[in-house]
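Enquirer: This is my_file-v5.csv (CSV, C-alpha atoms).
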chain,number,residue,atom,x,y,z
A,1412,MET,CA,210.1,108.7,61.1
A,1413,ALA,CA,209.6,112.0,62.8
A,1414,SER,CA,212.6,113.8,64.4
A,1415,THR,CA,213.3,112.8,68.0
A,1416,SER,CA,215.0,116.2,68.8
A,1417,PRO,CA,212.5,117.9,71.1
A,1418,ALA,CA,211.2,121.4,70.6
A,1419,ALA,CA,212.4,122.3,74.1
A,1420,VAL,CA,213.7,120.9,77.4
A,1421,ILE,CA,212.5,122.5,80.6
A,1422,VAL,CA,214.7,121.8,83.6
A,1423,MET,CA,213.0,122.5,87.0
A,1424,ALA,CA,215.4,124.0,89.4
A,1425,ALA,CA,213.1,126.0,91.6
A,1426,GLY,CA,213.0,123.9,94.8
A,1427,LYS,CA,214.1,125.2,98.2
A,1428,GLY,CA,216.4,122.3,99.1
A,1429,THR,CA,216.1,123.1,102.8
A,1430,ARG,CA,217.1,119.6,103.9
A,1431,MET,CA,220.6,120.2,102.6
A,1432,ARG,CA,221.2,122.6,105.5
A,1433,SER,CA,223.4,124.8,103.4
A,1434,SER,CA,223.7,128.4,102.1
A,1435,LEU,CA,224.5,126.9,98.7
A,1436,PRO,CA,221.4,126.2,96.6
A,1437,LYS,CA,220.6,122.5,96.4
A,1438,VAL,CA,221.1,122.2,92.6
A,1439,LEU,CA,224.6,123.8,92.9
A,1440,HIS,CA,226.0,121.1,95.2
A,1441,ARG,CA,228.6,119.0,93.3
A,1442,ILE,CA,229.3,115.4,92.6
A,1443,GLY,CA,231.8,114.1,90.1
A,1444,GLY,CA,233.1,117.5,89.1
A,1445,ARG,CA,229.8,119.1,88.2
A,1446,SER,CA,226.9,120.6,90.1
A,1447,LEU,CA,223.6,118.7,90.1
A,1448,LEU,CA,222.1,121.3,87.8
A,1449,GLU,CA,225.0,121.0,85.4
A,1450,HIS,CA,224.6,117.2,85.2
A,1451,ALA,CA,220.9,117.8,84.3
A,1452,VAL,CA,221.8,120.3,81.6
A,1453,VAL,CA,224.4,118.0,80.1
A,1454,ALA,CA,221.8,115.3,79.8
A,1455,ALA,CA,219.3,117.7,78.3
A,1456,ARG,CA,221.9,118.9,75.8
A,1457,GLY,CA,222.3,115.4,74.6
A,1458,LEU,CA,218.8,115.6,73.0
A,1459,ARG,CA,219.8,118.6,70.9
A,1460,PRO,CA,216.7,120.6,71.8
A,1461,GLU,CA,215.7,123.7,69.9
A,1462,HIS,CA,215.3,125.5,73.3
A,1463,LEU,CA,216.6,124.9,76.8
A,1464,VAL,CA,214.9,126.6,79.7
A,1465,VAL,CA,215.8,126.3,83.4
A,1466,VAL,CA,213.1,127.4,85.9
A,1467,VAL,CA,214.5,129.1,89.0
A,1468,ARG,CA,212.9,130.6,92.1
A,1469,HIS,CA,214.6,130.2,95.5
A,1470,GLU,CA,218.2,131.6,95.7
A,1471,ARG,CA,217.8,132.7,92.1
A,1472,GLU,CA,220.8,134.9,91.9
A,1473,GLN,CA,223.3,132.2,92.7
A,1474,VAL,CA,221.6,129.7,90.4
A,1475,VAL,CA,221.4,132.1,87.5
A,1476,ALA,CA,225.1,133.2,87.9
A,1477,ALA,CA,226.2,129.5,87.9
A,1478,LEU,CA,224.0,128.8,84.8
A,1479,ALA,CA,225.6,131.7,83.0
A,1480,GLN,CA,229.0,130.0,83.5
A,1481,PHE,CA,228.3,126.5,82.1
A,1482,ALA,CA,225.2,127.1,79.9
A,1483,PRO,CA,225.1,130.8,78.8
A,1484,ASP,CA,222.7,129.9,76.0
A,1485,ALA,CA,220.1,128.5,78.3
A,1486,THR,CA,217.1,130.7,79.2
A,1487,ALA,CA,216.4,131.3,82.9
A,1488,ALA,CA,212.7,131.5,83.6
A,1489,ASP,CA,211.4,132.8,87.0
A,1490,GLN,CA,208.7,130.9,88.8
A,1491,ASP,CA,206.3,133.3,90.6
A,1492,GLU,CA,204.9,132.8,94.1
A,1493,ILE,CA,202.3,130.2,93.0
A,1494,PRO,CA,203.8,126.9,94.3
A,1495,GLY,CA,204.0,123.5,92.5
A,1496,THR,CA,205.6,121.7,89.6
A,1497,GLY,CA,202.8,122.5,87.3
A,1498,ARG,CA,203.3,126.2,87.9
A,1499,ALA,CA,207.1,125.8,87.4
A,1500,VAL,CA,206.5,124.3,84.0
A,1501,ALA,CA,203.9,126.9,83.1
A,1502,CYS,CA,206.5,129.6,83.8
A,1503,GLY,CA,209.1,127.7,81.7
A,1504,LEU,CA,206.6,127.4,78.9
A,1505,ALA,CA,205.9,131.1,79.0
A,1506,ALA,CA,209.6,131.8,78.3
A,1507,LEU,CA,209.3,129.8,75.0
A,1508,PRO,CA,207.9,131.0,71.7
A,1509,GLU,CA,204.1,131.0,71.6
A,1510,GLU,CA,204.1,129.1,68.3
A,1511,LEU,CA,206.3,126.3,69.7
A,1512,ALA,CA,205.1,122.9,68.6
A,1513,GLY,CA,206.2,119.3,69.1
A,1514,PRO,CA,207.7,117.4,72.1
A,1515,VAL,CA,208.6,119.3,75.3
A,1516,VAL,CA,210.8,117.4,77.7
A,1517,VAL,CA,210.5,118.2,81.4
A,1518,THR,CA,213.1,117.1,83.8
A,1519,SER,CA,214.6,118.0,87.2
A,1520,GLY,CA,217.7,119.8,88.3
A,1521,ASP,CA,218.4,117.4,91.1
A,1522,VAL,CA,218.5,114.0,89.3
A,1523,PRO,CA,222.2,113.9,88.4
A,1524,LEU,CA,222.5,110.3,87.1
A,1525,LEU,CA,219.8,110.7,84.5
A,1526,ASP,CA,221.5,110.4,81.1
A,1527,ALA,CA,220.8,111.5,77.6
A,1528,ASP,CA,220.3,108.0,76.3
A,1529,THR,CA,217.4,107.5,78.8
A,1530,LEU,CA,215.8,110.8,77.8
A,1531,LEU,CA,216.2,110.0,74.1
A,1532,ALA,CA,214.5,106.6,74.6
A,1533,LEU,CA,211.6,108.4,76.3
A,1534,VAL,CA,211.3,110.9,73.5
A,1535,GLN,CA,211.4,108.2,70.8
A,1536,GLN,CA,208.6,106.3,72.6
A,1537,HIS,CA,206.6,109.6,72.8
A,1538,VAL,CA,207.0,110.1,69.0
A,1539,GLU,CA,206.3,106.5,68.0
A,1540,HIS,CA,203.1,106.3,70.2
A,1541,ASP,CA,201.9,109.8,69.2
A,1542,ASP,CA,201.5,110.4,72.9
A,1543,ALA,CA,200.1,113.5,74.5
A,1544,VAL,CA,202.2,112.6,77.6
A,1545,THR,CA,204.9,110.0,78.1
A,1546,VAL,CA,206.1,109.4,81.7
A,1547,LEU,CA,209.4,108.0,82.9
A,1548,THR,CA,208.8,105.5,85.8
A,1549,THR,CA,210.5,102.9,87.9
A,1550,VAL,CA,209.3,100.1,90.2
A,1551,LEU,CA,210.5,100.3,93.8
A,1552,ASP,CA,210.1,97.7,96.6
A,1553,ASP,CA,209.4,100.6,98.9
A,1554,PRO,CA,207.7,103.4,97.0
A,1555,THR,CA,207.1,105.6,100.1
A,1556,GLY,CA,207.1,109.3,99.2
A,1557,TYR,CA,206.7,108.9,95.5
A,1558,GLY,CA,203.7,109.6,93.3
A,1559,ARG,CA,202.0,106.3,92.1
A,1560,ILE,CA,201.3,105.5,88.5
A,1561,LEU,CA,197.6,104.7,87.8
A,1562,ARG,CA,196.8,102.6,84.7
A,1563,ASP,CA,193.5,101.8,83.0
A,1564,ASP,CA,192.5,98.3,82.0
A,1565,ASP,CA,194.3,98.6,78.7
A,1566,GLY,CA,197.6,99.6,80.4
A,1567,ALA,CA,197.6,103.2,79.5
A,1568,VAL,CA,198.6,105.7,82.1
A,1569,ALA,CA,195.3,107.1,83.5
A,1570,GLY,CA,196.9,109.4,86.1
A,1571,ILE,CA,199.5,109.9,88.8
A,1572,VAL,CA,198.5,110.3,92.4
A,1573,GLU,CA,200.8,111.9,95.0
A,1574,GLN,CA,201.5,110.0,98.2
A,1575,ARG,CA,199.6,112.4,100.3
A,1576,ASP,CA,196.5,112.2,98.2
A,1577,ALA,CA,196.5,108.4,97.6
A,1578,THR,CA,194.0,105.9,98.8
A,1579,ALA,CA,195.2,102.7,100.6
A,1580,ALA,CA,194.8,100.7,97.4
A,1581,GLN,CA,196.8,103.3,95.4
A,1582,LEU,CA,199.5,103.3,98.0
A,1583,ALA,CA,200.0,99.6,97.3
A,1584,VAL,CA,201.2,100.4,93.7
A,1585,LYS,CA,204.9,100.1,93.3
A,1586,GLU,CA,205.4,101.7,90.0
A,1587,VAL,CA,206.3,105.3,90.7
A,1588,ASN,CA,206.7,108.6,88.9
A,1589,ALA,CA,210.3,109.6,88.3
A,1590,GLY,CA,209.3,113.3,87.6
A,1591,VAL,CA,210.5,113.2,84.0
A,1592,TYR,CA,208.1,113.6,81.1
A,1593,VAL,CA,207.6,114.3,77.4
A,1594,PHE,CA,204.5,116.4,76.6
A,1595,ASP,CA,203.0,117.5,73.3
A,1596,ALA,CA,203.4,121.3,73.5
A,1597,ALA,CA,199.9,122.1,72.5
A,1598,HIS,CA,198.3,119.8,75.0
A,1599,LEU,CA,200.6,120.9,77.7
A,1600,ARG,CA,199.6,124.6,77.2
A,1601,ARG,CA,195.9,123.7,77.2
A,1602,ALA,CA,196.1,121.4,80.3
A,1603,LEU,CA,198.2,123.8,82.4
A,1604,ALA,CA,195.5,126.4,82.0
A,1605,THR,CA,193.0,124.1,83.7
A,1606,LEU,CA,195.0,123.2,86.7
A,1607,GLY,CA,194.1,124.2,90.2
A,1608,THR,CA,195.4,123.6,93.8
A,1609,ASP,CA,192.7,121.3,95.1
A,1610,ASN,CA,195.0,118.8,96.8
A,1611,ASP,CA,196.6,118.1,100.1
A,1612,GLN,CA,199.6,120.4,99.5
A,1613,GLY,CA,197.7,123.3,97.9
A,1614,GLU,CA,200.0,123.2,94.9
A,1615,VAL,CA,199.7,123.1,91.1
A,1616,TYR,CA,200.6,119.5,90.3
A,1617,LEU,CA,202.2,118.9,86.9
A,1618,THR,CA,201.0,115.3,87.3
A,1619,ASP,CA,197.4,116.4,86.8
A,1620,VAL,CA,198.3,117.0,83.1
A,1621,VAL,CA,198.4,113.2,82.7
A,1622,ALA,CA,194.9,112.7,83.9
A,1623,HIS,CA,193.8,115.6,81.7
A,1624,ALA,CA,195.2,113.8,78.6
A,1625,HIS,CA,193.6,110.5,79.5
A,1626,ARG,CA,190.2,112.2,80.0
A,1627,GLU,CA,190.5,113.7,76.5
A,1628,GLY,CA,191.1,110.3,75.0
A,1629,ARG,CA,194.7,111.2,74.1
A,1630,ALA,CA,197.4,108.5,74.1
A,1631,THR,CA,199.5,108.3,77.3
A,1632,SER,CA,202.2,105.8,78.1
A,1633,ALA,CA,205.0,105.2,80.6
A,1634,ARG,CA,208.6,104.0,80.1
A,1635,ALA,CA,209.9,102.1,83.1
A,1636,VAL,CA,213.6,102.0,83.9
A,1637,THR,CA,215.0,99.1,85.9
A,1638,ASP,CA,218.1,101.1,87.0
A,1639,HIS,CA,216.6,103.2,89.8
A,1640,TRP,CA,219.8,105.2,90.1
A,1641,LEU,CA,218.9,107.0,86.9
A,1642,VAL,CA,215.9,108.6,88.5
A,1643,GLU,CA,217.2,109.0,92.0
A,1644,GLY,CA,216.7,112.5,93.3
A,1645,CYS,CA,218.8,114.4,95.8
A,1646,ASN,CA,217.2,116.1,98.8
A,1647,ASP,CA,219.8,115.9,101.6
A,1648,ARG,CA,223.5,115.3,102.3
A,1649,ALA,CA,223.2,111.6,102.7
A,1650,GLN,CA,221.5,111.2,99.2
A,1651,LEU,CA,224.2,113.5,97.8
A,1652,ALA,CA,226.9,111.3,99.1
A,1653,ALA,CA,225.2,108.1,97.9
A,1654,LEU,CA,224.7,109.6,94.4
A,1655,GLY,CA,228.3,110.8,94.3
A,1656,GLY,CA,229.5,107.3,95.2
A,1657,GLU,CA,227.4,105.6,92.6
A,1658,LEU,CA,228.5,108.1,89.9
A,1659,ASN,CA,232.1,107.5,90.8
A,1660,ARG,CA,231.7,103.8,90.6
A,1661,ARG,CA,230.1,104.1,87.1
A,1662,THR,CA,232.8,106.5,86.0
A,1663,LEU,CA,235.6,104.1,87.1
A,1664,LYS,CA,233.9,101.1,85.5
A,1665,ALA,CA,233.7,102.9,82.2
A,1666,TRP,CA,237.4,103.9,82.3
A,1667,MET,CA,238.4,100.3,83.2
A,1668,GLU,CA,236.4,99.0,80.2
A,1669,ARG,CA,238.5,101.3,78.0
A,1670,GLY,CA,241.8,100.1,79.3
A,1671,VAL,CA,242.6,102.1,82.4
A,1672,GLY,CA,244.0,100.3,85.4
A,1673,VAL,CA,242.4,101.2,88.8
A,1674,VAL,CA,244.1,99.3,91.6
A,1675,ASP,CA,241.6,100.2,94.3
A,1676,PRO,CA,238.2,101.4,92.9
A,1677,ALA,CA,236.8,101.8,96.4
A,1678,GLY,CA,239.4,104.5,97.3
A,1679,THR,CA,239.8,106.2,93.9
A,1680,TRP,CA,237.8,109.2,92.8
A,1681,VAL,CA,237.7,110.6,89.3
A,1682,ASP,CA,235.5,113.5,88.0
A,1683,VAL,CA,233.4,112.9,84.9
A,1684,THR,CA,235.3,115.8,83.3
A,1685,VAL,CA,238.7,114.0,83.5
A,1686,GLU,CA,240.3,112.4,80.4
A,1687,LEU,CA,242.4,109.2,80.7
A,1688,ALA,CA,244.3,107.4,78.0
A,1689,ARG,CA,244.8,103.6,77.6
A,1690,ASP,CA,247.1,101.9,80.0
A,1691,VAL,CA,247.0,104.6,82.6
A,1692,ARG,CA,247.4,103.1,86.1
A,1693,LEU,CA,245.8,104.8,89.1
A,1694,GLU,CA,247.2,103.7,92.5
A,1695,PRO,CA,245.1,103.6,95.7
A,1696,GLY,CA,243.8,106.9,97.1
A,1697,VAL,CA,244.0,108.9,93.9
A,1698,LEU,CA,241.8,111.9,93.3
A,1699,LEU,CA,241.5,113.3,89.8
A,1700,ARG,CA,239.6,116.5,89.5
A,1701,GLY,CA,238.4,119.1,86.9
A,1702,THR,CA,240.0,119.0,83.5
A,1703,THR,CA,242.9,116.7,84.4
A,1704,ARG,CA,244.3,114.8,81.4
A,1705,VAL,CA,246.5,111.7,81.9
A,1706,GLY,CA,248.5,110.4,78.9
A,1707,GLN,CA,248.9,106.9,77.7
A,1708,GLY,CA,250.9,104.6,80.0
A,1709,ALA,CA,251.3,107.2,82.8
A,1710,VAL,CA,251.2,106.0,86.4
A,1711,VAL,CA,249.6,108.2,89.1
A,1712,GLY,CA,251.1,107.2,92.5
A,1713,PRO,CA,249.2,106.5,95.7
A,1714,TYR,CA,247.3,109.3,97.4
A,1715,CYS,CA,247.8,111.9,94.7
A,1716,VAL,CA,245.4,114.8,94.1
A,1717,LEU,CA,245.5,116.2,90.6
A,1718,THR,CA,243.4,119.2,89.7
A,1719,ASP,CA,243.3,120.6,86.1
A,1720,ALA,CA,246.6,118.9,85.6
A,1721,ASP,CA,248.1,117.6,82.3
A,1722,ILE,CA,250.2,114.5,82.8
A,1723,PRO,CA,252.2,113.4,79.7
A,1724,ALA,CA,252.3,109.9,78.3
A,1725,GLY,CA,254.6,107.6,80.2
A,1726,ALA,CA,255.0,109.9,83.2
A,1727,VAL,CA,255.1,108.7,86.8
A,1728,VAL,CA,253.5,110.9,89.4
A,1729,ALA,CA,255.2,110.5,92.7
A,1730,PRO,CA,253.1,109.3,95.7
A,1731,PHE,CA,251.3,112.0,97.7
A,1732,SER,CA,251.8,114.6,94.9
A,1733,LEU,CA,249.4,117.6,95.0
A,1734,LEU,CA,249.3,119.1,91.5
A,1735,ASP,CA,247.2,121.7,89.7
A,1736,GLY,CA,247.2,123.1,86.3
A,1737,ASP,CA,250.1,125.4,87.1
A,1738,ALA,CA,252.3,122.6,88.6
A,1739,PRO,CA,255.8,122.4,87.0
A,1740,ALA,CA,256.8,119.2,85.2
A,1741,ALA,CA,259.6,118.7,87.7
A,1742,ARG,CA,257.1,117.6,90.3
A,1743,LEU,CA,256.2,114.6,88.3
As structure tokens, please, write out the structure in this file.

Expert:
Amino acid sequence: MASTSPAAVIVMAAGKGTRMRSSLPKVLHRIGGRSLLEHAVVAARGLRPEHLVVVVRHEREQVVAALAQFAPDATAADQDEIPGTGRAVACGLAALPEELAGPVVVTSGDVPLLDADTLLALVQQHVEHDDAVTVLTTVLDDPTGYGRILRDDDGAVAGIVEQRDATAAQLAVKEVNAGVYVFDAAHLRRALATLGTDNDQGEVYLTDVVAHAHREGRATSARAVTDHWLVEGCNDRAQLAALGGELNRRTLKAWMERGVGVVDPAGTWVDVTVELARDVRLEPGVLLRGTTRVGQGAVVGPYCVLTDADIPAGAVVAPFSLLDGDAPAARL
């Protein structure tokens, strides 16, 4: 079987994010101890790609500076003034070697719960089907705002239509585009060169590459996920909070399955970068941040905030403690 490691992953992080109402770029807002963009990069790294490109545009300096801190080996590609996801990917592709061949994964910098396992399954399907394009989708009871998946009589993906350009019949479709794709590199280059801006938003749509492949008679398919949180994007503060809450719930569940006691999951927050040993007990109101490590059998008392702390096995952290990496052991 062919390798499932993609030739490249392109992460799109060029959006304005004006609905965040913030001086901080949208993709640098944080949940679970990482920025939205860092979550996307961690998932991309799980595929072990040959190349990793992050496409930037708005508030470029801040995004590139942050990228240099957590992914110094990633290539930052600048999107020009031509708008649209298709143009973003074209700029990302231009930063890659001209001879690049094989699968190219395209994902977004504002979908923080998307994980490497989901991306790997999408790449595997792409390779097994010998697809030109493989699309990640989900089915929503209310698909408002999303692009709809259009299928032919054989079930192949014939195209994707954006909400603004859809007919009444197309708007009734509940299978939606998650904005995550695997493309054959050669087809992607050829198709991007044909795209225009003849649509309601006057943008270069990446989704038009799907219809291009179908017209050429190339294989196209979709992989639907039932867990909609995996493809939930973040556009405002309310969505950021919802995604943060769901990520924390999943983080705590995973630790409890590994033998960590959490007295009050609803009031306990643990970053994804924290390490906990078996038989640790977290009392209500605990916040564990950064690179905090808690040793086996330790108890973290109520309403403690630990940041980059190292708690030895068997220790008891007194209630209401505020500790960081420089905190003396006497405060335990």

Enquirer: I'd like to know which of A:Arg1704, A:Arg1445, A:Arg1626, A:Arg1669 is closest to Arg1689 (chain A), using all atoms listed in the file.

Expert: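 Result for the nearest residue to Arg1689 (chain A): A:Arg1669.
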
Enquirer: Do you have the CA of Val1453 (chain A)-CA of Asp1526 (chain A) distance handy?

Expert: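 Rounded to one decimal, the two atoms are 8.2 Å apart.
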
Enquirer: One decimal, Å: what's the distance from CA of Leu1524 (chain A) over to CA of Glu1449 (chain A), could you say?

Expert: 11.1 Å

Enquirer: Give me, as a list in words, all polymer residues having an atom no more than 12 Å from Gly1656 (chain A), counting all atoms listed in the file and skipping those fewer than 2 positions away in the same chain.

Expert: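 The filter keeps Arg1441, Ile1442, Gly1443, Pro1523, Leu1524, Trp1640, Ala1649, Gln1650, Leu1651, Ala1652, Ala1653, Leu1654, Leu1658, Asn1659, Arg1660, Arg1661, Thr1662, Leu1663, Pro1676, Ala1677, Gly1678, Thr1679, Trp1680, Val1681 and Asp1682 of chain A.
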
Enquirer: Quick one: residues within 12 Å of (207.5, 108.0, 99.4) (file frame), counting all atoms listed in the file, please, as a list of chain:residue names.

Expert: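 Applying the cut-off with all atoms listed in the file, one gets A:Leu1551, A:Asp1552, A:Asp1553, A:Pro1554, A:Thr1555, A:Gly1556, A:Tyr1557, A:Gly1558, A:Arg1559, A:Val1572, A:Glu1573, A:Gln1574, A:Arg1575, A:Asp1576, A:Ala1577, A:Leu1582, A:Ala1583, A:Val1584, A:Lys1585, A:Glu1586, A:Val1587, A:Asn1588, A:Ala1589, A:Gly1644.
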
Enquirer: In Å, how far is it from CA of Arg1692 (chain A) to CA of Thr1718 (chain A)?

Expert: 17.0 Å

Enquirer: Determine, counting all atoms listed in the file, which protein, DNA and RNA residues have an atom within 12 Å of an atom of Thr1608 (chain A); residues of the same chain fewer than 2 positions away are not included. Present the result as a PyMOL selection string.

Expert: chain A and resi 1493-1498+1603+1605-1606+1610-1619

Enquirer: For Gly1736 (chain A), which of A:Ala1501, A:Ala1487, A:Ala1633, A:Ile1722 is the closest residue, counting only C-alpha atoms?

Expert: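 Of A:Ala1501, A:Ala1487, A:Ala1633, A:Ile1722, the one nearest Gly1736 (chain A) is A:Ile1722, counting only C-alpha atoms.
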
Enquirer: With 10 Å as the threshold, what does the neighbourhood of (245.5, 121.1, 87.4) contain in terms of residues, counting only C-alpha atoms? Coordinates are those of the file; answer as a list in words.

Expert: Leu1699, Arg1700, Gly1701, Thr1702, Thr1703, Arg1704, Val1716, Leu1717, Thr1718, Asp1719, Ala1720, Asp1721, Ile1722, Leu1733, Leu1734, Asp1735, Gly1736, Asp1737 and Ala1738 of chain A

Enquirer: Taking into account all atoms listed in the file, which residue in the set A:Asp1489, A:Asp1521, A:Glu1643, A:Glu1509 is nearest to Ala1451 (chain A)?

Expert: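 For Ala1451 (chain A), the nearest of the given residues is A:Asp1521.
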
Enquirer: Copy region 1594-1642 of chain A out of the block into a file, keeping C-alpha atoms, as a PDB file, in the first residue's frame.

Expert:
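Below is the file decode-v6.pdb, written as the result:
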ATOM      1  CA  PHE A1594      -5.771  16.934  -3.168  1.00  0.00           C
ATOM      2  CA  ASP A1595      -3.544  15.275  -5.709  1.00  0.00           C
ATOM      3  CA  ALA A1596      -0.793  17.874  -6.095  1.00  0.00           C
ATOM      4  CA  ALA A1597      -0.721  17.796  -9.903  1.00  0.00           C
ATOM      5  CA  HIS A1598      -4.481  18.167 -10.224  1.00  0.00           C
ATOM      6  CA  LEU A1599      -4.538  20.934  -7.625  1.00  0.00           C
ATOM      7  CA  ARG A1600      -1.982  22.984  -9.558  1.00  0.00           C
ATOM      8  CA  ARG A1601      -3.863  22.525 -12.832  1.00  0.00           C
ATOM      9  CA  ALA A1602      -7.279  23.295 -11.368  1.00  0.00           C
ATOM     10  CA  LEU A1603      -6.167  26.375  -9.419  1.00  0.00           C
ATOM     11  CA  ALA A1604      -4.901  27.906 -12.655  1.00  0.00           C
ATOM     12  CA  THR A1605      -8.448  27.781 -14.068  1.00  0.00           C
ATOM     13  CA  LEU A1606     -10.320  29.370 -11.187  1.00  0.00           C
ATOM     14  CA  GLY A1607     -11.985  32.753 -11.385  1.00  0.00           C
ATOM     15  CA  THR A1608     -14.140  34.967  -9.157  1.00  0.00           C
ATOM     16  CA  ASP A1609     -17.525  34.526 -10.853  1.00  0.00           C
ATOM     17  CA  ASN A1610     -19.556  34.064  -7.670  1.00  0.00           C
ATOM     18  CA  ASP A1611     -21.588  36.078  -5.179  1.00  0.00           C
ATOM     19  CA  GLN A1612     -18.564  37.019  -3.047  1.00  0.00           C
ATOM     20  CA  GLY A1613     -16.147  37.760  -5.885  1.00  0.00           C
ATOM     21  CA  GLU A1614     -13.569  35.365  -4.439  1.00  0.00           C
ATOM     22  CA  VAL A1615     -11.469  32.470  -5.710  1.00  0.00           C
ATOM     23  CA  TYR A1616     -13.235  29.445  -4.239  1.00  0.00           C
ATOM     24  CA  LEU A1617     -11.109  26.422  -3.389  1.00  0.00           C
ATOM     25  CA  THR A1618     -14.321  24.387  -3.539  1.00  0.00           C
ATOM     26  CA  ASP A1619     -14.384  24.835  -7.342  1.00  0.00           C
ATOM     27  CA  VAL A1620     -11.428  22.424  -7.552  1.00  0.00           C
ATOM     28  CA  VAL A1621     -13.861  19.613  -6.664  1.00  0.00           C
ATOM     29  CA  ALA A1622     -16.145  20.303  -9.637  1.00  0.00           C
ATOM     30  CA  HIS A1623     -13.081  20.611 -11.857  1.00  0.00           C
ATOM     31  CA  ALA A1624     -11.968  17.095 -10.896  1.00  0.00           C
ATOM     32  CA  HIS A1625     -15.444  15.666 -11.445  1.00  0.00           C
ATOM     33  CA  ARG A1626     -15.693  17.227 -14.908  1.00  0.00           C
ATOM     34  CA  GLU A1627     -12.380  15.625 -15.818  1.00  0.00           C
ATOM     35  CA  GLY A1628     -13.699  12.237 -14.771  1.00  0.00           C
ATOM     36  CA  ARG A1629     -11.294  11.965 -11.851  1.00  0.00           C
ATOM     37  CA  ALA A1630     -12.296  10.134  -8.678  1.00  0.00           C
ATOM     38  CA  THR A1631     -13.724  12.313  -5.905  1.00  0.00           C
ATOM     39  CA  SER A1632     -15.082  11.223  -2.560  1.00  0.00           C
ATOM     40  CA  ALA A1633     -16.098  12.504   0.857  1.00  0.00           C
ATOM     41  CA  ARG A1634     -15.471  11.200   4.342  1.00  0.00           C
ATOM     42  CA  ALA A1635     -18.221  12.186   6.762  1.00  0.00           C
ATOM     43  CA  VAL A1636     -17.530  12.569  10.462  1.00  0.00           C
ATOM     44  CA  THR A1637     -20.379  12.162  12.939  1.00  0.00           C
ATOM     45  CA  ASP A1638     -18.610  14.146  15.662  1.00  0.00           C
ATOM     46  CA  HIS A1639     -19.300  17.695  14.496  1.00  0.00           C
ATOM     47  CA  TRP A1640     -16.957  19.198  17.109  1.00  0.00           C
ATOM     48  CA  LEU A1641     -14.005  17.900  15.087  1.00  0.00           C
ATOM     49  CA  VAL A1642     -14.816  20.310  12.267  1.00  0.00           C
TER      50      VAL A1642
END
